[in-house]
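Peer 1: So I've got this file, final.cif, and it contains mmCIF, C-alpha atoms and all ligand atoms:
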```cif
data_final
#
loop_
_atom_site.label_atom_id
_atom_site.label_comp_id
_atom_site.auth_asym_id
_atom_site.auth_seq_id
_atom_site.Cartn_x
_atom_site.Cartn_y
_atom_site.Cartn_z
CA MET C 1 -18.67 -24.21 -34.05
CA LYS C 2 -18.20 -22.46 -30.69
CA LYS C 3 -19.45 -24.54 -27.78
CA ILE C 4 -20.73 -22.50 -24.85
CA VAL C 5 -20.98 -23.47 -21.17
CA ILE C 6 -23.34 -21.32 -19.09
CA LEU C 7 -22.95 -21.39 -15.32
CA GLY C 8 -25.98 -19.72 -13.77
CA SER C 9 -28.24 -20.25 -16.77
CA THR C 10 -31.55 -19.44 -15.03
CA GLY C 11 -30.55 -16.00 -13.74
CA SER C 12 -30.85 -12.74 -15.62
CA ILE C 13 -27.46 -12.99 -17.39
CA GLY C 14 -27.94 -16.70 -18.11
CA ARG C 15 -31.31 -16.13 -19.78
CA SER C 16 -29.96 -13.18 -21.77
CA THR C 17 -27.04 -15.36 -22.91
CA LEU C 18 -29.50 -17.88 -24.34
CA GLU C 19 -31.29 -15.05 -26.19
CA VAL C 20 -27.94 -13.99 -27.64
CA LEU C 21 -27.28 -17.57 -28.74
CA ARG C 22 -30.68 -17.65 -30.41
CA ASN C 23 -29.59 -14.57 -32.36
CA LEU C 24 -26.18 -16.03 -33.23
CA GLY C 25 -27.64 -19.16 -34.79
CA PRO C 26 -26.05 -22.52 -35.68
CA ASP C 27 -22.37 -21.48 -35.41
CA TYR C 28 -22.82 -21.45 -31.63
CA ALA C 29 -24.07 -24.34 -29.49
CA VAL C 30 -25.07 -24.71 -25.85
CA HIS C 31 -22.69 -27.40 -24.63
CA ALA C 32 -23.50 -27.37 -20.90
CA LEU C 33 -25.76 -25.61 -18.41
CA ALA C 34 -25.60 -25.21 -14.64
CA ALA C 35 -27.99 -23.49 -12.26
CA ARG C 36 -28.48 -23.24 -8.52
CA SER C 37 -32.20 -22.55 -8.44
CA GLN C 38 -35.33 -22.27 -10.65
CA ILE C 39 -35.14 -25.93 -11.59
CA GLU C 40 -38.30 -25.80 -13.75
CA THR C 41 -36.69 -23.04 -15.81
CA LEU C 42 -33.51 -25.12 -16.09
CA ALA C 43 -35.52 -28.16 -17.24
CA GLY C 44 -37.18 -26.00 -19.91
CA GLN C 45 -33.77 -24.79 -21.10
CA VAL C 46 -32.49 -28.38 -21.29
CA ARG C 47 -35.51 -29.41 -23.38
CA GLU C 48 -35.03 -26.46 -25.75
CA TRP C 49 -31.23 -26.42 -26.10
CA ALA C 50 -30.34 -30.11 -25.62
CA PRO C 51 -26.98 -29.51 -23.90
CA ARG C 52 -24.60 -32.46 -23.49
CA ARG C 53 -24.09 -31.86 -19.76
CA VAL C 54 -26.09 -30.29 -16.94
CA ALA C 55 -25.01 -29.65 -13.35
CA VAL C 56 -26.82 -28.51 -10.20
CA PRO C 57 -25.27 -27.77 -6.79
CA ASP C 58 -26.72 -30.66 -4.74
CA CYS C 59 -28.18 -34.13 -5.12
CA GLU C 60 -31.64 -33.16 -3.86
CA THR C 61 -31.93 -30.65 -6.70
CA LEU C 62 -30.66 -33.31 -9.09
CA THR C 63 -33.50 -35.65 -8.06
CA ARG C 64 -36.00 -32.86 -8.78
CA LEU C 65 -34.36 -32.20 -12.15
CA ARG C 66 -34.48 -35.90 -13.10
CA ARG C 67 -38.20 -35.89 -12.29
CA GLU C 68 -38.66 -32.90 -14.64
CA LEU C 69 -36.60 -34.58 -17.37
CA PRO C 70 -37.47 -38.29 -17.35
CA ASP C 71 -35.97 -38.98 -20.77
CA ALA C 72 -33.18 -36.41 -21.03
CA SER C 73 -30.18 -37.51 -23.03
CA ALA C 74 -27.91 -35.00 -21.24
CA GLU C 75 -25.47 -36.17 -18.59
CA LEU C 76 -26.85 -34.81 -15.30
CA SER C 77 -24.60 -34.34 -12.27
CA CYS C 78 -24.53 -32.60 -8.90
CA GLY C 79 -22.12 -30.97 -6.47
CA GLU C 80 -19.70 -28.04 -6.51
CA GLU C 81 -17.12 -30.24 -8.30
CA ALA C 82 -19.69 -30.93 -11.02
CA LEU C 83 -19.90 -27.19 -11.72
CA GLU C 84 -16.10 -27.00 -11.86
CA ARG C 85 -16.00 -29.98 -14.23
CA LEU C 86 -18.29 -28.09 -16.63
CA ALA C 87 -15.98 -25.07 -16.36
CA ARG C 88 -13.03 -27.29 -17.36
CA ASP C 89 -14.85 -29.29 -20.05
CA PRO C 90 -12.37 -30.03 -22.87
CA GLU C 91 -14.98 -29.26 -25.54
CA ALA C 92 -16.00 -25.88 -24.09
CA GLY C 93 -15.00 -22.86 -26.16
CA VAL C 94 -16.37 -20.12 -23.92
CA VAL C 95 -17.43 -20.46 -20.29
CA VAL C 96 -20.01 -17.87 -19.25
CA ASN C 97 -19.74 -17.45 -15.49
CA ALA C 98 -23.00 -15.87 -14.36
CA LEU C 99 -23.06 -17.39 -10.87
CA VAL C 100 -23.96 -15.03 -8.03
CA GLY C 101 -21.47 -13.92 -5.39
CA GLY C 102 -18.33 -15.59 -4.06
CA ALA C 103 -19.71 -18.99 -5.09
CA GLY C 104 -18.52 -18.24 -8.64
CA LEU C 105 -14.82 -18.02 -7.78
CA ARG C 106 -13.95 -21.73 -7.94
CA ALA C 107 -15.50 -22.05 -11.40
CA THR C 108 -13.57 -19.03 -12.71
CA ILE C 109 -10.27 -20.48 -11.49
CA ALA C 110 -11.13 -23.97 -12.82
CA ALA C 111 -11.96 -22.59 -16.28
CA LEU C 112 -8.81 -20.46 -16.44
CA GLU C 113 -6.65 -23.39 -15.31
CA ALA C 114 -8.05 -25.24 -18.30
CA GLY C 115 -7.04 -22.33 -20.54
CA LYS C 116 -10.63 -21.32 -21.36
CA VAL C 117 -12.10 -18.03 -22.46
CA VAL C 118 -14.23 -16.94 -19.52
CA ALA C 119 -17.03 -14.48 -20.24
CA LEU C 120 -17.17 -13.16 -16.72
CA ALA C 121 -20.37 -11.75 -15.27
CA ASN C 122 -19.45 -12.94 -11.77
CA LYS C 123 -17.50 -9.81 -10.77
CA GLU C 124 -17.01 -11.17 -7.24
CA SER C 125 -14.44 -13.64 -8.69
CA ILE C 126 -12.16 -10.79 -9.71
CA VAL C 127 -12.89 -8.64 -6.66
CA MET C 128 -12.06 -11.46 -4.25
CA ALA C 129 -9.02 -12.86 -6.03
CA GLY C 130 -7.97 -10.37 -8.70
CA ARG C 131 -4.27 -11.16 -8.71
CA LEU C 132 -4.86 -14.93 -8.53
CA VAL C 133 -7.34 -14.75 -11.43
CA ALA C 134 -4.89 -12.73 -13.56
CA GLU C 135 -1.94 -14.99 -12.74
CA THR C 136 -3.93 -18.17 -13.36
CA ALA C 137 -5.04 -16.84 -16.74
CA ALA C 138 -1.49 -15.86 -17.68
CA ARG C 139 0.01 -19.20 -16.56
CA HIS C 140 -2.50 -21.42 -18.37
CA GLY C 141 -3.34 -19.32 -21.40
CA GLY C 142 -6.87 -18.49 -20.22
CA THR C 143 -8.65 -15.24 -21.06
CA VAL C 144 -11.10 -13.16 -19.08
CA LEU C 145 -13.61 -11.17 -21.14
CA PRO C 146 -15.77 -8.90 -19.01
CA VAL C 147 -19.53 -9.20 -19.39
CA ASP C 148 -20.12 -6.32 -16.97
CA SER C 149 -21.40 -3.51 -19.23
CA GLU C 150 -18.91 -0.92 -17.91
CA HIS C 151 -15.88 -3.15 -18.34
CA SER C 152 -17.06 -4.34 -21.72
CA ALA C 153 -17.24 -0.65 -22.69
CA VAL C 154 -13.69 -0.05 -21.47
CA HIS C 155 -12.48 -3.21 -23.23
CA GLN C 156 -14.03 -1.91 -26.47
CA CYS C 157 -12.51 1.56 -26.02
CA LEU C 158 -9.05 0.10 -25.44
CA ARG C 159 -8.91 -1.97 -28.62
CA GLY C 160 -5.98 -0.83 -30.69
CA GLU C 161 -4.73 1.50 -27.95
CA ASP C 162 -1.45 1.44 -26.03
CA PRO C 163 -2.30 0.82 -22.32
CA ALA C 164 0.59 3.12 -21.37
CA ARG C 165 -1.36 6.00 -22.96
CA ILE C 166 -4.40 5.70 -20.71
CA GLY C 167 -4.97 8.79 -18.57
CA CYS C 168 -7.84 7.35 -16.55
CA LEU C 169 -11.00 5.27 -16.74
CA LEU C 170 -14.40 6.75 -15.98
CA LEU C 171 -16.96 4.16 -14.96
CA THR C 172 -20.54 5.38 -15.27
CA ALA C 173 -23.20 4.64 -12.66
CA SER C 174 -26.94 5.15 -13.02
CA GLY C 175 -27.09 6.18 -9.36
CA GLY C 176 -29.74 3.56 -8.63
CA PRO C 177 -33.23 4.14 -7.20
CA PHE C 178 -32.06 6.42 -4.35
CA LEU C 179 -30.04 8.93 -6.34
CA ARG C 180 -32.24 11.80 -5.07
CA ARG C 181 -33.40 10.31 -1.78
CA GLU C 182 -32.46 12.02 1.51
CA ALA C 183 -29.87 10.08 3.51
CA ASP C 184 -31.82 10.44 6.77
CA SER C 185 -34.56 8.20 5.32
CA PHE C 186 -32.14 5.40 4.32
CA ALA C 187 -32.82 3.53 7.58
CA ARG C 188 -36.42 3.03 6.42
CA VAL C 189 -35.65 1.74 2.89
CA THR C 190 -37.54 -1.51 2.25
CA PRO C 191 -36.26 -4.41 0.11
CA GLU C 192 -39.11 -3.68 -2.38
CA GLU C 193 -37.86 -0.11 -2.86
CA ALA C 194 -34.23 -1.22 -3.21
CA LEU C 195 -35.18 -3.87 -5.77
CA ARG C 196 -36.76 -1.30 -8.10
CA HIS C 197 -33.88 -0.30 -10.40
CA PRO C 198 -34.66 2.59 -12.76
CA ASN C 199 -32.79 1.30 -15.86
CA TRP C 200 -31.65 -2.32 -15.57
CA LEU C 201 -33.60 -5.49 -14.83
CA MET C 202 -31.21 -7.70 -12.85
CA GLY C 203 -31.03 -10.25 -10.04
CA PRO C 204 -31.71 -9.17 -6.42
CA LYS C 205 -28.08 -9.12 -5.18
CA ILE C 206 -26.74 -6.79 -7.87
CA THR C 207 -29.88 -4.62 -7.72
CA VAL C 208 -29.36 -3.93 -4.01
CA ASP C 209 -25.65 -3.36 -4.75
CA SER C 210 -26.73 -0.73 -7.30
CA ALA C 211 -28.92 0.98 -4.68
CA THR C 212 -25.99 1.30 -2.22
CA LEU C 213 -23.50 2.07 -5.05
CA MET C 214 -21.49 -0.94 -3.82
CA ASN C 215 -21.94 -2.35 -7.31
CA LYS C 216 -19.85 0.56 -8.61
CA GLY C 217 -17.35 0.02 -5.80
CA LEU C 218 -16.97 -3.64 -6.81
CA GLU C 219 -16.60 -2.48 -10.42
CA VAL C 220 -13.78 -0.08 -9.49
CA ILE C 221 -11.94 -3.06 -7.97
CA GLU C 222 -12.83 -5.21 -10.99
CA ALA C 223 -11.42 -2.53 -13.33
CA HIS C 224 -8.25 -2.23 -11.22
CA TYR C 225 -7.46 -5.91 -11.80
CA LEU C 226 -8.82 -6.29 -15.34
CA PHE C 227 -7.00 -3.29 -16.77
CA ASP C 228 -4.06 -3.17 -14.34
CA LEU C 229 -4.60 0.45 -13.27
CA PRO C 230 -4.12 2.04 -9.83
CA PRO C 231 -7.30 3.17 -8.00
CA GLU C 232 -6.46 6.86 -8.51
CA LYS C 233 -6.77 6.32 -12.27
CA ILE C 234 -10.30 4.88 -11.98
CA GLY C 235 -13.06 7.43 -11.51
CA VAL C 236 -16.83 7.12 -11.19
CA VAL C 237 -19.37 9.48 -12.67
CA ILE C 238 -23.14 9.36 -12.15
CA HIS C 239 -24.97 9.14 -15.48
CA PRO C 240 -28.70 8.62 -14.87
CA GLN C 241 -29.55 7.64 -18.49
CA SER C 242 -27.22 4.57 -18.55
CA VAL C 243 -26.45 5.15 -22.24
CA VAL C 244 -22.72 5.86 -21.97
CA HIS C 245 -21.48 2.59 -20.45
CA SER C 246 -18.04 3.93 -19.51
CA LEU C 247 -15.21 6.05 -20.89
CA VAL C 248 -11.46 6.04 -21.24
CA GLU C 249 -9.52 9.28 -21.13
CA PHE C 250 -6.16 9.16 -22.89
CA VAL C 251 -3.04 11.18 -22.10
CA ASP C 252 -3.75 13.61 -24.96
CA GLY C 253 -7.09 14.60 -23.41
CA SER C 254 -9.22 12.54 -25.82
CA LEU C 255 -12.13 10.58 -24.40
CA LYS C 256 -13.54 7.40 -25.95
CA ALA C 257 -16.86 5.95 -24.84
CA GLN C 258 -19.16 3.09 -25.79
CA LEU C 259 -22.88 3.89 -26.01
CA SER C 260 -26.14 2.03 -26.41
CA LEU C 261 -29.49 1.80 -24.67
CA PRO C 262 -29.03 -0.38 -21.58
CA ASP C 263 -29.25 -4.02 -22.71
CA MET C 264 -26.99 -6.74 -21.32
CA ARG C 265 -27.28 -8.76 -24.52
CA ILE C 266 -24.82 -6.35 -26.17
CA PRO C 267 -21.86 -6.97 -23.79
CA ILE C 268 -22.75 -10.68 -23.65
CA GLN C 269 -22.66 -11.04 -27.43
CA TYR C 270 -19.44 -9.00 -27.58
CA ALA C 271 -17.78 -11.49 -25.20
CA LEU C 272 -19.13 -14.55 -27.03
CA THR C 273 -18.09 -13.42 -30.50
CA TYR C 274 -14.85 -11.57 -29.60
CA PRO C 275 -12.64 -10.70 -31.46
CA ASP C 276 -15.38 -10.63 -34.11
CA ARG C 277 -18.53 -8.49 -34.06
CA LEU C 278 -21.68 -10.10 -35.43
CA PRO C 279 -25.01 -8.54 -36.41
CA ALA C 280 -27.73 -8.09 -33.80
CA ARG C 281 -30.88 -6.03 -33.49
CA PHE C 282 -31.38 -6.09 -29.74
CA VAL C 283 -31.96 -2.36 -29.31
CA ALA C 284 -32.00 0.67 -31.57
CA THR C 285 -30.17 3.49 -29.81
CA ASP C 286 -31.89 6.62 -31.06
CA LEU C 287 -29.79 9.54 -29.80
CA VAL C 288 -32.33 12.14 -30.88
CA ARG C 289 -35.02 10.41 -28.84
CA ILE C 290 -32.69 10.08 -25.85
CA GLY C 291 -31.97 13.80 -26.21
CA ALA C 292 -29.79 14.61 -23.20
CA LEU C 293 -26.95 12.74 -21.56
CA GLU C 294 -26.17 14.02 -18.05
CA PHE C 295 -23.22 13.48 -15.75
CA GLU C 296 -22.69 14.37 -12.10
CA GLU C 297 -20.40 13.69 -9.18
CA PRO C 298 -21.27 10.70 -6.92
CA ASP C 299 -22.25 11.70 -3.37
CA LEU C 300 -19.87 9.68 -1.20
CA GLY C 301 -21.50 11.03 1.97
CA ARG C 302 -24.82 9.40 1.14
CA PHE C 303 -23.25 6.34 -0.48
CA PRO C 304 -20.27 5.33 1.71
CA CYS C 305 -20.02 1.86 0.06
CA LEU C 306 -18.27 3.36 -2.96
CA GLU C 307 -15.59 4.95 -0.77
CA LEU C 308 -15.21 1.67 1.16
CA ALA C 309 -14.26 -0.09 -2.09
CA TYR C 310 -11.49 2.44 -2.77
CA GLU C 311 -10.40 2.03 0.86
CA ALA C 312 -10.22 -1.77 0.40
CA LEU C 313 -7.89 -1.28 -2.59
CA ARG C 314 -5.71 1.15 -0.62
CA ARG C 315 -5.42 -1.21 2.37
CA GLY C 316 -4.15 -3.94 0.10
CA GLU C 317 -4.56 -7.57 -0.82
CA GLY C 318 -7.29 -9.51 0.95
CA TYR C 319 -9.35 -6.43 1.84
CA PRO C 320 -11.40 -6.48 -1.39
CA ALA C 321 -12.33 -10.11 -0.63
CA VAL C 322 -13.45 -9.16 2.89
CA LEU C 323 -15.42 -6.21 1.48
CA SER C 324 -17.14 -8.42 -1.10
CA THR C 325 -18.07 -11.22 1.29
CA ALA C 326 -19.21 -8.87 4.07
CA ASN C 327 -21.33 -7.05 1.51
CA GLU C 328 -22.87 -10.34 0.37
CA ILE C 329 -23.87 -11.20 3.95
CA ALA C 330 -25.14 -7.65 4.55
CA VAL C 331 -27.31 -7.72 1.40
CA GLU C 332 -28.78 -11.11 2.33
CA ALA C 333 -29.55 -9.83 5.85
CA PHE C 334 -31.15 -6.67 4.43
CA LEU C 335 -33.34 -8.67 2.03
CA GLN C 336 -34.47 -10.86 4.93
CA GLY C 337 -35.33 -7.83 7.05
CA ASP C 338 -32.51 -8.46 9.55
CA LEU C 339 -30.37 -5.41 8.74
CA ALA C 340 -31.38 -1.83 7.94
CA PHE C 341 -30.32 -0.48 4.54
CA ASP C 342 -28.11 2.22 6.10
CA ARG C 343 -26.31 -0.44 8.19
CA ILE C 344 -24.96 -2.30 5.13
CA PRO C 345 -21.78 -0.15 5.00
CA TRP C 346 -21.46 -0.42 8.79
CA LEU C 347 -21.22 -4.23 8.66
CA ILE C 348 -18.63 -4.10 5.87
CA GLU C 349 -16.52 -1.56 7.77
CA GLN C 350 -16.58 -3.71 10.91
CA ALA C 351 -15.30 -6.72 8.94
CA MET C 352 -12.60 -4.65 7.20
CA ASP C 353 -11.38 -3.25 10.53
CA ALA C 354 -11.30 -6.64 12.24
CA CYS C 355 -9.68 -8.77 9.52
CA ARG C 356 -5.95 -9.49 9.24
CA PRO C 357 -5.57 -10.87 5.71
CA GLY C 358 -2.24 -12.29 4.58
CA THR C 359 -1.18 -12.74 0.98
CA MET C 360 -3.65 -14.40 -1.36
CA ASN C 361 -1.40 -16.68 -3.37
CA ASP C 362 -3.83 -19.56 -3.81
CA LEU C 363 -7.53 -20.33 -3.88
CA GLU C 364 -7.35 -21.86 -0.40
CA SER C 365 -6.25 -18.62 1.27
CA VAL C 366 -9.03 -16.69 -0.47
CA LEU C 367 -11.63 -19.26 0.60
CA LEU C 368 -10.33 -19.23 4.20
CA LEU C 369 -10.64 -15.45 4.32
CA ASP C 370 -14.11 -15.71 2.80
CA ASP C 371 -15.09 -18.21 5.49
CA TRP C 372 -13.65 -16.02 8.28
CA THR C 373 -15.59 -13.00 6.98
CA ARG C 374 -18.86 -14.94 6.75
CA LYS C 375 -18.55 -16.17 10.33
CA PHE C 376 -17.50 -12.75 11.64
CA CYS C 377 -20.47 -11.02 9.99
CA VAL C 378 -23.01 -13.65 11.03
CA ARG C 379 -21.80 -13.44 14.64
CA LEU C 380 -22.02 -9.65 14.58
CA LEU C 381 -25.55 -9.79 13.15
CA GLN C 382 -26.68 -12.20 15.86
CA ARG C 383 -25.60 -9.87 18.66
MG MG D 1 -22.05 -3.16 -14.36
#
```
Mind turning the file's structure into structure tokens?
Peer 2:
Amino acid sequence: MKKIVILGSTGSIGRSTLEVLRNLGPDYAVHALAARSQIETLAGQVREWAPRRVAVPDCETLTRLRRELPDASAELSCGEEALERLARDPEAGVVVNALVGGAGLRATIAALEAGKVVALANKESIVMAGRLVAETAARHGGTVLPVDSEHSAVHQCLRGEDPARIGCLLLTASGGPFLRREADSFARVTPEEALRHPNWLMGPKITVDSATLMNKGLEVIEAHYLFDLPPEKIGVVIHPQSVVHSLVEFVDGSLKAQLSLPDMRIPIQYALTYPDRLPARFVATDLVRIGALEFEEPDLGRFPCLELAYEALRRGEGYPAVLSTANEIAVEAFLQGDLAFDRIPWLIEQAMDACRPGTMNDLESVLLLDDWTRKFCVRLLQR
């Protein structure tokens, strides 16, 4: 039996993971759950799935959880270390990291140090500390399996292929809600408009990232580290239907792609059952009904965040971490009405120009840089 740990179980990926486990049946068990918010939802999950261990980020939340679960048999704990303990749990077979933002990095490193298979939805882990994540996995026998739909697609296309024969990767992007919107109206974009994604139902942070195309920028960086390819071999193409989840072009001119209607349960199940594939009826991808698949060039003038991500890779180690953290602060400020939508790339650029990152050989240096970036951005926003 495969025992699954889900970090971030109440978010969109966490809930989809539980649906996948319902489909997979008794060969898979929920061993542990952790969540930062939506404690009633978490309590409901604990009642339904009876995990052995449950963790929340702080003791106040733990008190609320205990009140919801007066006779739970699960071991309940709190604190950041509690989340890391779940990630390292000796019985865990797969650790699903679906935490949001830079907060997921410690858990990724902890799980890899314990030699776990990490089904990684927290792309910020790889963006902030790509080399450290890869080296930690290699040193301790851990594995990262991408849950991001694009990287899952690439992973599937590369099975049985020689990495030396890759010409380039093409990551697809839906283009988000503002694909056709005039740039001169971006200053007036409201959080409600940015949170309305045309194809995917996701959490607020990633939905805003999709509207600025920063999500694709982060995914370019993620692909760079996951598949060990230079930025010039990673392209982005706008594909409004979100049916082709990404492509690999090989040196002989052949392209391979993975297709399905957009549904995160497919990449999640792929990561949980890898290297096997198990039956599922999540969506029926009817190509005749879909009819047309379109592709177009991304408009870097209207969506500077994508170019900033390439720039971070070109400037070198540490810059992707600064980009990711500055973006996190910018998105939070935008959602709270403290920063205009068109100023999100401005804040990130300011942080990238001001930072002086050194080498990122350990978790501490990444966390220090993260802390510097947070403080820099908050100070700039308060001016
Ligand atoms: Mg994605």
Peer 1: List every protein, DNA or RNA residue with an atom no more than 8 Å from (-23.2, 14.9, -16.1) in the file's coordinates, counting all atoms listed in the file, and format the result as a tab-separated table (two decimals) with C-alpha atoms, in the coordinates of the input.
Peer 2:
```
chain	number	residue	atom	x	y	z
C	237	VAL	CA	-19.37	9.48	-12.67
C	238	ILE	CA	-23.14	9.36	-12.15
C	239	HIS	CA	-24.97	9.14	-15.48
C	293	LEU	CA	-26.95	12.74	-21.56
C	294	GLU	CA	-26.17	14.02	-18.05
C	295	PHE	CA	-23.22	13.48	-15.75
C	296	GLU	CA	-22.69	14.37	-12.10
C	297	GLU	CA	-20.40	13.69	-9.18
```
Peer 1: Counting all atoms listed in the file, which residues of chain C sit at most 10 Å from some atom of ligand MG 1 (chain D), and what is each one's closest atom pair with its distance in Å to one decimal, listed by chain and rising residue number, as CSV?
Peer 2:
```
residue,atom,partner,partner_atom,distance
C:Ala121,CA,D:MG1,MG,8.8
C:Lys123,CA,D:MG1,MG,8.8
C:Pro146,CA,D:MG1,MG,9.7
C:Val147,CA,D:MG1,MG,8.3
C:Asp148,CA,D:MG1,MG,4.5
C:Ser149,CA,D:MG1,MG,4.9
C:Glu150,CA,D:MG1,MG,5.2
C:His151,CA,D:MG1,MG,7.3
C:Ser152,CA,D:MG1,MG,9.0
C:Ala153,CA,D:MG1,MG,9.9
C:Leu171,CA,D:MG1,MG,8.9
C:Thr172,CA,D:MG1,MG,8.7
C:Ala173,CA,D:MG1,MG,8.1
C:Ser174,CA,D:MG1,MG,9.7
C:Trp200,CA,D:MG1,MG,9.7
C:Ile206,CA,D:MG1,MG,8.8
C:Ser210,CA,D:MG1,MG,8.8
C:Asn215,CA,D:MG1,MG,7.1
C:Lys216,CA,D:MG1,MG,7.2
C:Leu218,CA,D:MG1,MG,9.1
C:Glu219,CA,D:MG1,MG,6.8
C:His245,CA,D:MG1,MG,8.4
C:Ser246,CA,D:MG1,MG,9.6
C:Met264,CA,D:MG1,MG,9.3
```
Peer 1: Hey, which of C:Leu7, C:Ala129, C:His140, C:Pro51 ends up closest to Val96 of chain C? Count only C-alpha atoms.
Peer 2: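 Going through C:Leu7, C:Ala129, C:His140, C:Pro51 one by one, the smallest distance to Val96 of chain C is for C:Leu7.
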Peer 1: Residues within 8 Å of segment 57-73 of chain C, please, as a PyMOL selection string. Count all atoms listed in the file; anything in the same chain fewer than 5 positions from it doesn't count.
Peer 2: chain C and resi 35-36+39-40+43+47+50+52+78-80+82-83
Peer 1: Print the selection's residues with C-alpha atoms to a file, as a JSON list (two decimals), in the coordinates of the input.
Peer 2:
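Generated output (again_1.json):
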```json
[["chain", "number", "residue", "atom", "x", "y", "z"],
["C", 35, "ALA", "CA", -27.99, -23.49, -12.26],
["C", 36, "ARG", "CA", -28.48, -23.24, -8.52],
["C", 39, "ILE", "CA", -35.14, -25.93, -11.59],
["C", 40, "GLU", "CA", -38.30, -25.80, -13.75],
["C", 43, "ALA", "CA", -35.52, -28.16, -17.24],
["C", 47, "ARG", "CA", -35.51, -29.41, -23.38],
["C", 50, "ALA", "CA", -30.34, -30.11, -25.62],
["C", 52, "ARG", "CA", -24.60, -32.46, -23.49],
["C", 78, "CYS", "CA", -24.53, -32.60, -8.90],
["C", 79, "GLY", "CA", -22.12, -30.97, -6.47],
["C", 80, "GLU", "CA", -19.70, -28.04, -6.51],
["C", 82, "ALA", "CA", -19.69, -30.93, -11.02],
["C", 83, "LEU", "CA", -19.90, -27.19, -11.72]]
```
Peer 1: What gap, in Å, lies between atom CA of Arg302 of chain C and atom CA of Ala183 of chain C?
Peer 2: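 Distance reported for this atom pair: 5.6 Å.
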Peer 1: Just to confirm, what's the straight-line distance from atom CA of Ala103 of chain C to atom CA of Leu368 of chain C in Å (one decimal)?
Peer 2: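 It comes out at 13.2 Å.
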Peer 1: Which is closer to Ala284 of chain C than all the others in C:Gly102, C:Asn199, C:Asp263, C:Ile268, using only C-alpha atoms?
Peer 2: C:Asp263
Peer 1: Determine, counting only C-alpha atoms, which protein, DNA and RNA residues have an atom within 7 Å of an atom of segment 9-13 of chain C; residues of the same chain fewer than 6 positions away are not included. Present the result as a PDB file with C-alpha atoms, in the frame of the given file.
Peer 2:
```
ATOM      1  CA  LEU C  33     -25.760 -25.610 -18.410  1.00  0.00           C
ATOM      2  CA  ALA C  34     -25.600 -25.210 -14.640  1.00  0.00           C
ATOM      3  CA  ALA C  35     -27.990 -23.490 -12.260  1.00  0.00           C
ATOM      4  CA  GLN C  38     -35.330 -22.270 -10.650  1.00  0.00           C
ATOM      5  CA  THR C  41     -36.690 -23.040 -15.810  1.00  0.00           C
ATOM      6  CA  LEU C  42     -33.510 -25.120 -16.090  1.00  0.00           C
ATOM      7  CA  ALA C  98     -23.000 -15.870 -14.360  1.00  0.00           C
ATOM      8  CA  MET C 202     -31.210  -7.700 -12.850  1.00  0.00           C
ATOM      9  CA  GLY C 203     -31.030 -10.250 -10.040  1.00  0.00           C
TER      10      GLY C 203
END
```
Peer 1: May I ask for the distance between atom CA of Cys355 of chain C and atom CA of Ser324 of chain C, given in Å to one decimal place?
Peer 2: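 Pair atom CA of Cys355 of chain C / atom CA of Ser324 of chain C returns 13.0 Å.
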Peer 1: I'd like the neighbourhood of Ala187 of chain C as a tab-separated table (two decimals) with C-alpha atoms, in the coordinates of the input, where a residue qualifies if any of its atoms comes within 9 Å (using all atoms listed in the file), though same-chain residues fewer than 4 positions away should be ignored.
Peer 2:
```tsv
chain	number	residue	atom	x	y	z
C	183	ALA	CA	-29.87	10.08	3.51
C	340	ALA	CA	-31.38	-1.83	7.94
C	341	PHE	CA	-30.32	-0.48	4.54
C	342	ASP	CA	-28.11	2.22	6.10
C	343	ARG	CA	-26.31	-0.44	8.19
```
Peer 1: When you count all atoms listed in the file, which of these residues is closest to Arg22 of chain C: C:Ser254, C:Gln269, C:Ser365, C:Thr325?
Peer 2: C:Gln269
Peer 1: Between C:Met214, C:Leu261, C:Leu255, C:Ala55, which one has atoms that come closest to Cys157 of chain C, using all atoms listed in the file?
Peer 2: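 Closest to Cys157 of chain C of all the choices is C:Leu255.
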Peer 1: Have a look at C:Val95, C:Leu24, C:Leu259, C:Ile109 and name the one nearest to Leu363 of chain C; count only C-alpha atoms.
Peer 2: C:Ile109
Peer 1: Give me the residues near Val251 of chain C as a list in words, where near means some atom within 9 Å (using all atoms listed in the file) and where sequence neighbours in that chain fewer than 5 positions away do not count.
Peer 2: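 That gives Ala164, Arg165, Ile166, Gly167 and Cys168 of chain C.
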Peer 1: Counting all atoms listed in the file, note down every residue that has an atom within 7 Å of the point (-16.8, -17.8, -14.8) (file coordinates), as a list of chain:residue names.
Peer 2: C:Val95, C:Val96, C:Asn97, C:Ala98, C:Gly104, C:Ala107, C:Thr108, C:Ala111, C:Val118, C:Ala119, C:Leu120, C:Asn122
Peer 1: Between C:Val288, C:Phe282, C:Leu213, C:Arg15, which is the closest to Pro262 of chain C once you count all atoms listed in the file?
Peer 2: C:Phe282
